[in-house]
>>> print(open('data_35.csv').read())   # CSV, C-alpha atoms
chain,number,residue,atom,x,y,z
A,1,MET,CA,-30.9,34.3,-4.6
A,2,ARG,CA,-28.1,34.3,-7.1
A,3,ASP,CA,-27.5,31.9,-9.8
A,4,ALA,CA,-24.2,30.0,-10.3
A,5,ALA,CA,-23.8,32.0,-13.5
A,6,SER,CA,-23.4,35.2,-11.5
A,7,LEU,CA,-20.7,33.7,-9.2
A,8,SER,CA,-17.3,35.1,-10.2
A,9,PRO,CA,-14.5,32.6,-10.8
A,10,LEU,CA,-12.9,33.7,-7.5
A,11,ASP,CA,-16.2,33.1,-5.6
A,12,ARG,CA,-16.4,29.6,-7.1
A,13,ARG,CA,-12.8,28.9,-6.1
A,14,ILE,CA,-13.6,30.1,-2.6
A,15,VAL,CA,-16.7,28.0,-2.2
A,16,ASN,CA,-14.9,24.9,-3.6
A,17,ALA,CA,-11.9,25.3,-1.4
A,18,LEU,CA,-13.7,26.0,1.9
A,19,GLN,CA,-16.3,23.2,1.5
A,20,ALA,CA,-13.4,20.8,2.1
A,21,GLY,CA,-12.2,22.4,5.3
A,22,PHE,CA,-10.9,25.5,7.1
A,23,PRO,CA,-7.8,25.5,9.3
A,24,ILE,CA,-7.6,25.9,13.1
A,25,CYS,CA,-4.9,28.4,13.7
A,26,GLU,CA,-4.5,32.0,14.9
A,27,ARG,CA,-5.1,33.6,11.5
A,28,PRO,CA,-7.1,31.0,9.5
A,29,PHE,CA,-8.5,33.4,6.9
A,30,ALA,CA,-4.9,34.5,6.1
A,31,ALA,CA,-3.8,30.8,5.8
A,32,ALA,CA,-6.8,29.9,3.6
A,33,ALA,CA,-6.4,33.1,1.5
A,34,GLU,CA,-2.8,32.3,0.9
A,35,SER,CA,-3.6,29.0,-0.7
A,36,LEU,CA,-6.2,30.7,-2.9
A,37,GLY,CA,-3.6,33.3,-3.9
A,38,ILE,CA,-5.6,36.2,-2.4
A,39,ASP,CA,-5.3,38.3,0.8
A,40,GLU,CA,-7.0,37.9,4.1
A,41,ASP,CA,-9.2,41.0,3.7
A,42,THR,CA,-10.5,39.9,0.3
A,43,LEU,CA,-11.4,36.4,1.5
A,44,ILE,CA,-13.3,37.8,4.5
A,45,ALA,CA,-15.1,40.3,2.4
A,46,ARG,CA,-16.1,37.7,-0.2
A,47,LEU,CA,-17.3,35.3,2.6
A,48,GLN,CA,-19.4,38.1,4.0
A,49,ALA,CA,-21.0,38.7,0.6
A,50,LEU,CA,-21.5,35.0,0.0
A,51,ARG,CA,-23.2,34.6,3.4
A,52,GLU,CA,-25.4,37.6,2.8
A,53,ALA,CA,-26.4,36.3,-0.7
A,54,ASN,CA,-27.2,33.0,0.9
A,55,VAL,CA,-24.8,31.2,-1.5
A,56,LEU,CA,-23.3,29.8,1.8
A,57,THR,CA,-25.9,28.7,4.3
A,58,ARG,CA,-23.3,28.2,7.0
A,59,PHE,CA,-19.6,28.7,7.7
A,60,GLY,CA,-18.0,27.2,10.7
A,61,PRO,CA,-17.7,24.0,12.7
A,62,LEU,CA,-20.2,21.3,11.6
A,63,TYR,CA,-21.0,19.3,14.7
A,64,ASP,CA,-22.2,15.7,14.6
A,65,ALA,CA,-25.1,15.7,17.0
A,66,ASN,CA,-24.9,11.9,17.4
A,67,ARG,CA,-21.5,12.3,19.1
A,68,PHE,CA,-23.0,14.3,21.9
A,69,GLY,CA,-25.5,11.8,22.9
A,70,GLY,CA,-27.9,13.7,20.6
A,71,HIS,CA,-30.1,12.0,18.0
A,72,VAL,CA,-31.0,13.0,14.5
A,73,THR,CA,-33.6,11.4,12.2
A,74,LEU,CA,-35.1,11.9,8.8
A,75,ALA,CA,-38.9,11.7,8.8
A,76,ALA,CA,-41.5,11.6,6.1
A,77,LEU,CA,-45.2,12.4,5.8
A,78,ALA,CA,-47.7,11.7,3.0
A,79,VAL,CA,-49.6,15.0,3.2
A,80,PRO,CA,-52.8,15.6,1.3
A,81,ALA,CA,-52.2,18.5,-1.2
A,82,GLU,CA,-54.9,20.7,0.3
A,83,ARG,CA,-53.4,20.5,3.7
A,84,PHE,CA,-49.7,20.8,2.7
A,85,ASP,CA,-49.1,24.4,3.8
A,86,ALA,CA,-50.9,24.0,7.1
A,87,VAL,CA,-49.0,20.8,7.9
A,88,ALA,CA,-45.7,22.5,6.9
A,89,GLU,CA,-46.5,25.2,9.4
A,90,ILE,CA,-47.1,22.7,12.2
A,91,VAL,CA,-43.9,20.8,11.4
A,92,ASN,CA,-41.7,23.9,11.0
A,93,ALA,CA,-42.9,25.3,14.3
A,94,PHE,CA,-40.8,22.7,16.2
A,95,PRO,CA,-37.4,24.1,17.0
A,96,GLU,CA,-36.0,20.6,16.7
A,97,VAL,CA,-36.9,20.5,13.0
A,98,ALA,CA,-33.7,21.6,11.3
A,99,HIS,CA,-34.7,21.1,7.6
A,100,ASN,CA,-37.9,20.5,5.8
A,101,TYR,CA,-38.3,19.8,2.1
A,102,ALA,CA,-41.2,19.3,-0.2
A,103,ARG,CA,-40.5,16.4,-2.5
A,104,GLU,CA,-42.3,14.8,-5.4
A,105,HIS,CA,-43.7,11.5,-4.2
A,106,ARG,CA,-46.6,10.2,-2.2
A,107,LEU,CA,-44.3,10.8,0.8
A,108,ASN,CA,-44.1,14.5,-0.1
A,109,MET,CA,-42.7,16.1,3.1
A,110,TRP,CA,-39.3,15.1,4.4
A,111,PHE,CA,-37.9,16.8,7.5
A,112,VAL,CA,-34.9,16.4,9.8
A,113,VAL,CA,-35.4,16.3,13.5
A,114,ALA,CA,-32.4,16.8,15.8
A,115,ALA,CA,-32.6,16.8,19.6
A,116,GLU,CA,-30.5,15.9,22.6
A,117,SER,CA,-31.8,12.4,23.0
A,118,VAL,CA,-33.6,9.6,21.2
A,119,GLU,CA,-36.5,10.2,23.5
A,120,ALA,CA,-36.7,13.9,22.7
A,121,VAL,CA,-36.8,13.1,19.0
A,122,ALA,CA,-39.5,10.5,19.6
A,123,ARG,CA,-41.6,13.1,21.5
A,124,VAL,CA,-41.4,15.5,18.5
A,125,LEU,CA,-42.5,12.7,16.1
A,126,THR,CA,-45.4,11.7,18.3
A,127,GLU,CA,-46.4,15.3,18.7
A,128,VAL,CA,-46.3,15.8,14.9
A,129,GLU,CA,-48.5,12.7,14.5
A,130,ALA,CA,-51.0,14.0,17.1
A,131,ARG,CA,-51.2,17.5,15.6
A,132,THR,CA,-51.4,16.5,12.0
A,133,GLY,CA,-53.3,13.1,12.2
A,134,LEU,CA,-50.7,11.7,9.8
A,135,THR,CA,-48.4,8.7,10.1
A,136,VAL,CA,-44.7,9.7,10.5
A,137,TYR,CA,-42.2,7.4,8.7
A,138,ASP,CA,-39.1,7.5,10.9
A,139,MET,CA,-35.9,6.8,9.0
A,140,PRO,CA,-32.9,7.5,11.2
A,141,LYS,CA,-29.6,6.6,9.4
A,142,THR,CA,-28.4,3.2,10.5
A,143,ARG,CA,-25.1,3.5,8.6
A,144,GLU,CA,-23.2,6.3,6.9
A,145,PHE,CA,-21.0,5.8,3.9
A,146,PHE,CA,-18.4,8.5,3.7
A,147,VAL,CA,-18.2,10.5,0.5
A,148,GLY,CA,-15.6,12.9,-0.6
A,149,LEU,CA,-16.6,16.6,-1.1
A,150,ARG,CA,-16.2,17.2,-4.8
A,151,LEU,CA,-19.3,19.2,-5.6
A,152,GLU,CA,-18.3,21.8,-8.2
A,153,ALA,CA,-19.4,25.3,-7.7
B,1,MET,CA,-20.7,9.6,22.6
B,2,ILE,CA,-17.7,11.6,23.8
B,3,ASP,CA,-16.8,13.4,27.0
B,4,PHE,CA,-17.4,17.1,26.8
B,5,ASP,CA,-17.6,19.6,29.6
B,6,ALA,CA,-19.2,22.9,30.2
B,7,VAL,CA,-16.5,24.8,28.4
B,8,ASP,CA,-16.9,22.6,25.3
B,9,ARG,CA,-20.6,23.2,25.5
B,10,ALA,CA,-20.1,26.9,25.6
B,11,LEU,CA,-17.8,26.7,22.7
B,12,ILE,CA,-20.4,24.7,20.7
B,13,VAL,CA,-23.1,27.2,21.5
B,14,ALA,CA,-20.9,30.1,20.5
B,15,THR,CA,-19.9,28.5,17.2
B,16,GLN,CA,-22.9,26.4,16.0
B,17,GLU,CA,-24.4,29.4,14.1
B,18,GLY,CA,-21.0,29.9,12.4
B,19,LEU,CA,-17.6,31.5,12.9
B,20,PRO,CA,-17.3,35.3,13.1
B,21,LEU,CA,-15.8,36.6,9.8
B,22,VAL,CA,-12.9,38.5,11.5
B,23,PRO,CA,-9.1,37.9,11.1
B,24,GLN,CA,-8.9,36.0,14.4
B,25,PRO,CA,-12.2,34.2,14.6
B,26,TYR,CA,-11.1,31.6,17.3
B,27,ALA,CA,-9.8,34.4,19.5
B,28,ALA,CA,-13.1,36.3,19.1
B,29,VAL,CA,-15.1,33.2,20.1
B,30,ALA,CA,-12.7,32.5,23.0
B,31,GLU,CA,-13.1,36.0,24.4
B,32,ALA,CA,-16.8,35.7,24.2
B,33,ILE,CA,-16.8,32.7,26.5
B,34,GLY,CA,-13.9,33.7,28.7
B,35,ILE,CA,-11.1,31.4,27.7
B,36,SER,CA,-7.9,31.9,25.8
B,37,ALA,CA,-7.6,31.6,22.1
B,38,ALA,CA,-5.1,28.7,22.5
B,39,GLU,CA,-7.6,26.8,24.7
B,40,ALA,CA,-10.4,27.4,22.2
B,41,MET,CA,-8.3,26.1,19.3
B,42,ALA,CA,-7.1,23.1,21.4
B,43,ARG,CA,-10.6,22.1,22.2
B,44,LEU,CA,-11.8,22.5,18.6
B,45,ARG,CA,-8.9,20.4,17.5
B,46,ARG,CA,-9.8,17.7,20.0
B,47,MET,CA,-13.5,17.7,18.9
B,48,GLN,CA,-12.4,17.5,15.3
B,49,ASP,CA,-10.0,14.6,16.0
B,50,SER,CA,-12.8,12.8,17.9
B,51,GLY,CA,-15.3,13.3,15.1
B,52,ALA,CA,-17.6,15.5,17.2
B,53,ILE,CA,-16.8,18.2,14.6
B,54,ARG,CA,-17.1,16.6,11.2
B,55,ARG,CA,-15.2,19.5,9.7
B,56,ILE,CA,-14.9,23.3,9.9
B,57,ALA,CA,-16.1,24.4,6.5
B,58,ALA,CA,-18.4,26.4,4.3
B,59,VAL,CA,-21.8,24.8,3.4
B,60,PRO,CA,-23.1,25.9,0.1
B,61,ASN,CA,-26.7,26.4,-0.8
B,62,HIS,CA,-27.1,24.1,-3.8
B,63,TYR,CA,-30.0,26.1,-5.2
B,64,ALA,CA,-27.9,29.3,-5.0
B,65,LEU,CA,-25.1,27.6,-6.9
B,66,GLY,CA,-27.5,26.8,-9.7
B,67,TYR,CA,-28.1,23.1,-8.7
B,68,ARG,CA,-31.9,23.2,-9.0
B,69,PHE,CA,-32.3,19.4,-9.4
B,70,ASN,CA,-31.5,18.0,-6.0
B,71,GLY,CA,-32.5,14.4,-6.0
B,72,MET,CA,-32.8,12.0,-3.1
B,73,THR,CA,-32.2,8.7,-4.8
B,74,CYS,CA,-33.5,5.7,-2.8
B,75,TRP,CA,-32.6,2.2,-3.6
B,76,ASP,CA,-34.0,-1.2,-2.5
B,77,VAL,CA,-30.9,-3.1,-1.5
B,78,ALA,CA,-30.9,-6.4,0.3
B,79,ASP,CA,-29.5,-6.0,3.9
B,80,GLY,CA,-26.6,-8.4,3.1
B,81,ASP,CA,-25.5,-6.3,0.1
B,82,ILE,CA,-25.7,-2.9,1.9
B,83,ALA,CA,-22.0,-2.6,2.6
B,84,ALA,CA,-20.9,-3.3,-1.0
B,85,ALA,CA,-23.7,-1.1,-2.4
B,86,GLY,CA,-23.1,1.8,0.0
B,87,THR,CA,-19.3,1.8,-0.7
B,88,ALA,CA,-19.9,1.7,-4.4
B,89,VAL,CA,-22.3,4.6,-4.4
B,90,ALA,CA,-20.4,6.8,-2.0
B,91,ALA,CA,-17.4,6.4,-4.3
B,92,LEU,CA,-19.2,8.3,-7.1
B,93,PRO,CA,-17.8,11.8,-7.2
B,94,PHE,CA,-21.2,13.5,-7.5
B,95,VAL,CA,-22.9,11.9,-4.5
B,96,SER,CA,-22.9,14.3,-1.5
B,97,HIS,CA,-24.4,12.0,1.2
B,98,CYS,CA,-25.0,8.3,1.3
B,99,TYR,CA,-26.9,6.5,4.1
B,100,GLN,CA,-28.6,3.3,5.0
B,101,ARG,CA,-32.0,3.9,6.5
B,102,PRO,CA,-34.7,1.5,7.7
B,103,ARG,CA,-37.4,0.4,5.2
B,104,HIS,CA,-41.1,0.8,6.0
B,105,LEU,CA,-42.7,-2.2,4.2
B,106,PRO,CA,-44.9,-2.3,2.3
B,107,ASP,CA,-45.0,1.4,1.5
B,108,TRP,CA,-41.3,2.1,1.5
B,109,PRO,CA,-38.9,-0.7,0.5
B,110,TYR,CA,-35.9,1.5,0.0
B,111,SER,CA,-32.9,1.2,2.3
B,112,LEU,CA,-30.0,3.1,0.6
B,113,PHE,CA,-30.2,6.8,0.2
B,114,ALA,CA,-27.8,8.9,-1.9
B,115,MET,CA,-28.1,12.6,-2.6
B,116,ILE,CA,-27.3,13.9,-6.1
B,117,HIS,CA,-27.3,17.5,-7.4
B,118,ALA,CA,-27.6,18.7,-11.0
B,119,LYS,CA,-28.2,21.9,-12.8
B,120,ASP,CA,-30.8,20.5,-15.2
B,121,ALA,CA,-33.2,17.5,-15.5
B,122,GLU,CA,-31.2,15.8,-18.1
B,123,SER,CA,-28.0,15.8,-16.1
B,124,ALA,CA,-29.9,14.6,-13.1
B,125,GLU,CA,-31.2,11.7,-15.1
B,126,GLY,CA,-27.7,10.9,-16.2
B,127,LEU,CA,-26.4,10.9,-12.6
B,128,VAL,CA,-29.3,8.5,-11.5
B,129,ALA,CA,-28.3,6.2,-14.4
B,130,GLU,CA,-24.7,6.3,-13.1
B,131,VAL,CA,-25.8,5.3,-9.6
B,132,ALA,CA,-27.9,2.5,-11.1
B,133,ALA,CA,-24.9,1.3,-13.1
B,134,ALA,CA,-22.7,1.3,-10.0
B,135,LEU,CA,-25.2,-0.8,-8.2
B,136,GLY,CA,-26.1,-3.2,-11.0
B,137,ASP,CA,-27.9,-6.2,-9.6
B,138,LEU,CA,-27.5,-5.0,-6.0
B,139,SER,CA,-30.5,-2.7,-6.6
B,140,ARG,CA,-34.0,-4.3,-6.7
B,141,GLY,CA,-35.8,-1.1,-7.4
B,142,HIS,CA,-35.5,2.6,-6.8
B,143,VAL,CA,-37.2,6.0,-6.7
B,144,VAL,CA,-35.8,9.5,-7.0
B,145,LEU,CA,-37.4,12.2,-5.0
B,146,PHE,CA,-36.6,15.7,-6.2
B,147,SER,CA,-37.1,18.6,-3.8
B,148,THR,CA,-39.6,21.1,-5.1
B,149,ARG,CA,-39.4,23.6,-2.2
B,150,ILE,CA,-37.2,24.2,0.9
B,151,LEU,CA,-39.8,24.6,3.7
B,152,LYS,CA,-37.3,25.2,6.4
B,153,LYS,CA,-33.5,25.1,6.7
B,154,THR,CA,-31.5,26.0,9.8
B,155,GLY,CA,-28.3,24.5,11.2
B,156,LEU,CA,-28.6,21.6,13.6
B,157,ARG,CA,-29.0,23.1,17.0
B,158,LEU,CA,-27.1,21.3,19.8
B,159,SER,CA,-28.1,23.4,22.7
>>> encode(input="data_35.csv", output="structure tokens")
Amino acid sequence: MRDAASLSPLDRRIVNALQAGFPICERPFAAAAESLGIDEDTLIARLQALREANVLTRFGPLYDANRFGGHVTLAALAVPAERFDAVAEIVNAFPEVAHNYAREHRLNMWFVVAAESVEAVARVLTEVEARTGLTVYDMPKTREFFVGLRLEA
Amino acid sequence: MIDFDAVDRALIVATQEGLPLVPQPYAAVAEAIGISAAEAMARLRRMQDSGAIRRIAAVPNHYALGYRFNGMTCWDVADGDIAAAGTAVAALPFVSHCYQRPRHLPDWPYSLFAMIHAKDAESAEGLVAEVAAALGDLSRGHVVLFSTRILKKTGLRLS
């Protein structure tokens, strides 16, 4: 994994610009490249490199699962230290688990579950409880406050 | 929940892992699912307008960008104050996500979550202090949970 220090000024500008959005048109890379003052081929090549280096985890449409009748939740577990890796393996094995992070707190494992319905998410959480013997703290968002995208690369 | 048909669904499945890095990415996706480029773009625009697509964009890996201190700041805010608190926190330029979530009393009294990202511990602490200042008396207590390891990270799968 690369460090920010190794990102060139051009790569930083690309990451910053494309976090905010990417056009829908016939030649979107050409359009985005033009506003960055570079050419289409250069932008495509840099994006390929940034994807391969995992500086970008995704590039494309970001779908809101909730709008499709799907459901997403954030769930937490308090996992005893000696069982941490085994529990992570159980949780990660569910295809519905999109992200899972270790965090410093008594609730030390936080994972996102996304599925096509509230019931499908509930089934995953019930199954996680059954397989781990741990209580799942279910924390679906009840309200979202919209932020700008101003993270500096 | 919006209306979407089998073609939308095919388009979602074809793009949820990302757009192809070719000069005409929408035409490439359209060809793969057997529709015209114009139709693919029209459908994507419609989904974007309706909010089904939040945006078409690059998602950076905070760790790879040098942001090693990724804190989930969690605040105990009274239900009646949540709109004012959430609006104030979301307005801070360094907050990447801000949500209200249910508390789990007595273990977990926190109802407002805001993600912050910093390159070192000291900056992270400074950002948490800025959130605290923005909330003032609206916060009755808080914790900050830093991630120590990514155990899994994939895109949200719709199909």
>>> atom_distance(input="data_35.csv", atom1="atom CA of Gly69 of chain A", atom2="atom CA of Ala115 of chain A")
9.3 Å
>>> residues_around(input="data_35.csv", residues="Trp110 of chain A", least_positions_apart="3", cutoff="6 Å", atoms="only C-alpha atoms", output="count of residues only")
4
>>> residues_around(input="data_35.csv", residues="Ala37 of chain B", least_positions_apart="6", cutoff="8 Å", atoms="all atoms listed in the file", output="CSV table (one decimal) with C-alpha atoms, keeping the file's coordinate frame")
chain,number,residue,atom,x,y,z
A,26,GLU,CA,-4.5,32.0,14.9
B,26,TYR,CA,-11.1,31.6,17.3
B,27,ALA,CA,-9.8,34.4,19.5
B,28,ALA,CA,-13.1,36.3,19.1
B,29,VAL,CA,-15.1,33.2,20.1
B,30,ALA,CA,-12.7,32.5,23.0
B,31,GLU,CA,-13.1,36.0,24.4
>>> closest_residue(input="data_35.csv", among="A:Val121, A:Gly60, A:Asp138, A:Val97", to="chain B", atoms="only C-alpha atoms")
A:Gly60
>>> closest_residue(input="data_35.csv", among="B:Arg55, B:Arg9, B:Arg140, B:Arg43", to="chain A", atoms="all atoms listed in the file")
B:Arg55
>>> atom_distance(input="data_35.csv", atom1="atom CA of Leu125 of chain A", atom2="atom CA of Phe146 of chain B")
23.3 Å
>>> closest_residue(input="data_35.csv", among="A:Glu96, A:Asp39, A:Asp11, A:Glu52", to="chain B", atoms="only C-alpha atoms")
A:Glu96
>>> closest_residue(input="data_35.csv", among="A:Glu129, A:Glu34, A:Glu119, A:Glu144", to="chain B", atoms="all atoms listed in the file")
A:Glu144
>>> build_atoms(input="data_35.csv", residues="segment 62-85 of chain A", atoms="N, CA and C atoms", output="PDB file, in the coordinates of the input")
ATOM      1  N   LEU A  62     -18.973  22.075  11.793  1.00  0.00           N
ATOM      2  CA  LEU A  62     -20.200  21.300  11.600  1.00  0.00           C
ATOM      3  C   LEU A  62     -20.164  20.155  12.587  1.00  0.00           C
ATOM      4  N   TYR A  63     -21.023  20.294  13.558  1.00  0.00           N
ATOM      5  CA  TYR A  63     -21.000  19.300  14.700  1.00  0.00           C
ATOM      6  C   TYR A  63     -21.871  18.114  14.325  1.00  0.00           C
ATOM      7  N   ASP A  64     -21.423  16.966  14.793  1.00  0.00           N
ATOM      8  CA  ASP A  64     -22.200  15.700  14.600  1.00  0.00           C
ATOM      9  C   ASP A  64     -22.959  15.471  15.876  1.00  0.00           C
ATOM     10  N   ALA A  65     -24.258  15.767  15.799  1.00  0.00           N
ATOM     11  CA  ALA A  65     -25.100  15.700  17.000  1.00  0.00           C
ATOM     12  C   ALA A  65     -25.045  14.311  17.645  1.00  0.00           C
ATOM     13  N   ASN A  66     -24.867  13.264  16.815  1.00  0.00           N
ATOM     14  CA  ASN A  66     -24.900  11.900  17.400  1.00  0.00           C
ATOM     15  C   ASN A  66     -23.733  11.696  18.384  1.00  0.00           C
ATOM     16  N   ARG A  67     -22.619  12.439  18.182  1.00  0.00           N
ATOM     17  CA  ARG A  67     -21.500  12.300  19.100  1.00  0.00           C
ATOM     18  C   ARG A  67     -21.679  12.874  20.447  1.00  0.00           C
ATOM     19  N   PHE A  68     -22.712  13.657  20.578  1.00  0.00           N
ATOM     20  CA  PHE A  68     -23.000  14.300  21.900  1.00  0.00           C
ATOM     21  C   PHE A  68     -24.109  13.672  22.613  1.00  0.00           C
ATOM     22  N   GLY A  69     -24.421  12.443  22.208  1.00  0.00           N
ATOM     23  CA  GLY A  69     -25.500  11.800  22.900  1.00  0.00           C
ATOM     24  C   GLY A  69     -26.853  12.298  22.286  1.00  0.00           C
ATOM     25  N   GLY A  70     -26.740  13.166  21.276  1.00  0.00           N
ATOM     26  CA  GLY A  70     -27.900  13.700  20.600  1.00  0.00           C
ATOM     27  C   GLY A  70     -28.418  12.652  19.608  1.00  0.00           C
ATOM     28  N   HIS A  71     -29.545  12.934  19.001  1.00  0.00           N
ATOM     29  CA  HIS A  71     -30.100  12.000  18.000  1.00  0.00           C
ATOM     30  C   HIS A  71     -30.675  12.823  16.860  1.00  0.00           C
ATOM     31  N   VAL A  72     -30.504  12.302  15.678  1.00  0.00           N
ATOM     32  CA  VAL A  72     -31.000  13.000  14.500  1.00  0.00           C
ATOM     33  C   VAL A  72     -31.793  11.945  13.683  1.00  0.00           C
ATOM     34  N   THR A  73     -32.914  12.347  13.131  1.00  0.00           N
ATOM     35  CA  THR A  73     -33.600  11.400  12.200  1.00  0.00           C
ATOM     36  C   THR A  73     -34.137  12.167  11.024  1.00  0.00           C
ATOM     37  N   LEU A  74     -34.414  11.398   9.978  1.00  0.00           N
ATOM     38  CA  LEU A  74     -35.100  11.900   8.800  1.00  0.00           C
ATOM     39  C   LEU A  74     -36.512  11.302   8.857  1.00  0.00           C
ATOM     40  N   ALA A  75     -37.516  12.150   8.741  1.00  0.00           N
ATOM     41  CA  ALA A  75     -38.900  11.700   8.800  1.00  0.00           C
ATOM     42  C   ALA A  75     -39.673  12.122   7.627  1.00  0.00           C
ATOM     43  N   ALA A  76     -40.659  11.304   7.243  1.00  0.00           N
ATOM     44  CA  ALA A  76     -41.500  11.600   6.100  1.00  0.00           C
ATOM     45  C   ALA A  76     -42.944  11.544   6.376  1.00  0.00           C
ATOM     46  N   LEU A  77     -43.701  12.351   5.659  1.00  0.00           N
ATOM     47  CA  LEU A  77     -45.200  12.400   5.800  1.00  0.00           C
ATOM     48  C   LEU A  77     -45.771  12.303   4.384  1.00  0.00           C
ATOM     49  N   ALA A  78     -46.928  11.653   4.273  1.00  0.00           N
ATOM     50  CA  ALA A  78     -47.700  11.700   3.000  1.00  0.00           C
ATOM     51  C   ALA A  78     -48.835  12.739   3.341  1.00  0.00           C
ATOM     52  N   VAL A  79     -48.661  13.948   2.836  1.00  0.00           N
ATOM     53  CA  VAL A  79     -49.600  15.000   3.200  1.00  0.00           C
ATOM     54  C   VAL A  79     -50.562  15.275   2.042  1.00  0.00           C
ATOM     55  N   PRO A  80     -51.869  15.252   2.319  1.00  0.00           N
ATOM     56  CA  PRO A  80     -52.800  15.600   1.300  1.00  0.00           C
ATOM     57  C   PRO A  80     -52.552  17.019   0.749  1.00  0.00           C
ATOM     58  N   ALA A  81     -52.612  17.196  -0.578  1.00  0.00           N
ATOM     59  CA  ALA A  81     -52.200  18.500  -1.200  1.00  0.00           C
ATOM     60  C   ALA A  81     -52.908  19.668  -0.541  1.00  0.00           C
ATOM     61  N   GLU A  82     -54.185  19.520  -0.248  1.00  0.00           N
ATOM     62  CA  GLU A  82     -54.900  20.700   0.300  1.00  0.00           C
ATOM     63  C   GLU A  82     -54.495  21.071   1.679  1.00  0.00           C
ATOM     64  N   ARG A  83     -53.800  20.165   2.368  1.00  0.00           N
ATOM     65  CA  ARG A  83     -53.400  20.500   3.700  1.00  0.00           C
ATOM     66  C   ARG A  83     -51.869  20.782   3.809  1.00  0.00           C
ATOM     67  N   PHE A  84     -51.213  20.809   2.651  1.00  0.00           N
ATOM     68  CA  PHE A  84     -49.700  20.800   2.700  1.00  0.00           C
ATOM     69  C   PHE A  84     -49.173  22.030   3.437  1.00  0.00           C
ATOM     70  N   ASP A  85     -49.636  23.230   3.140  1.00  0.00           N
ATOM     71  CA  ASP A  85     -49.100  24.400   3.800  1.00  0.00           C
ATOM     72  C   ASP A  85     -49.361  24.422   5.300  1.00  0.00           C
TER      73      ASP A  85
END
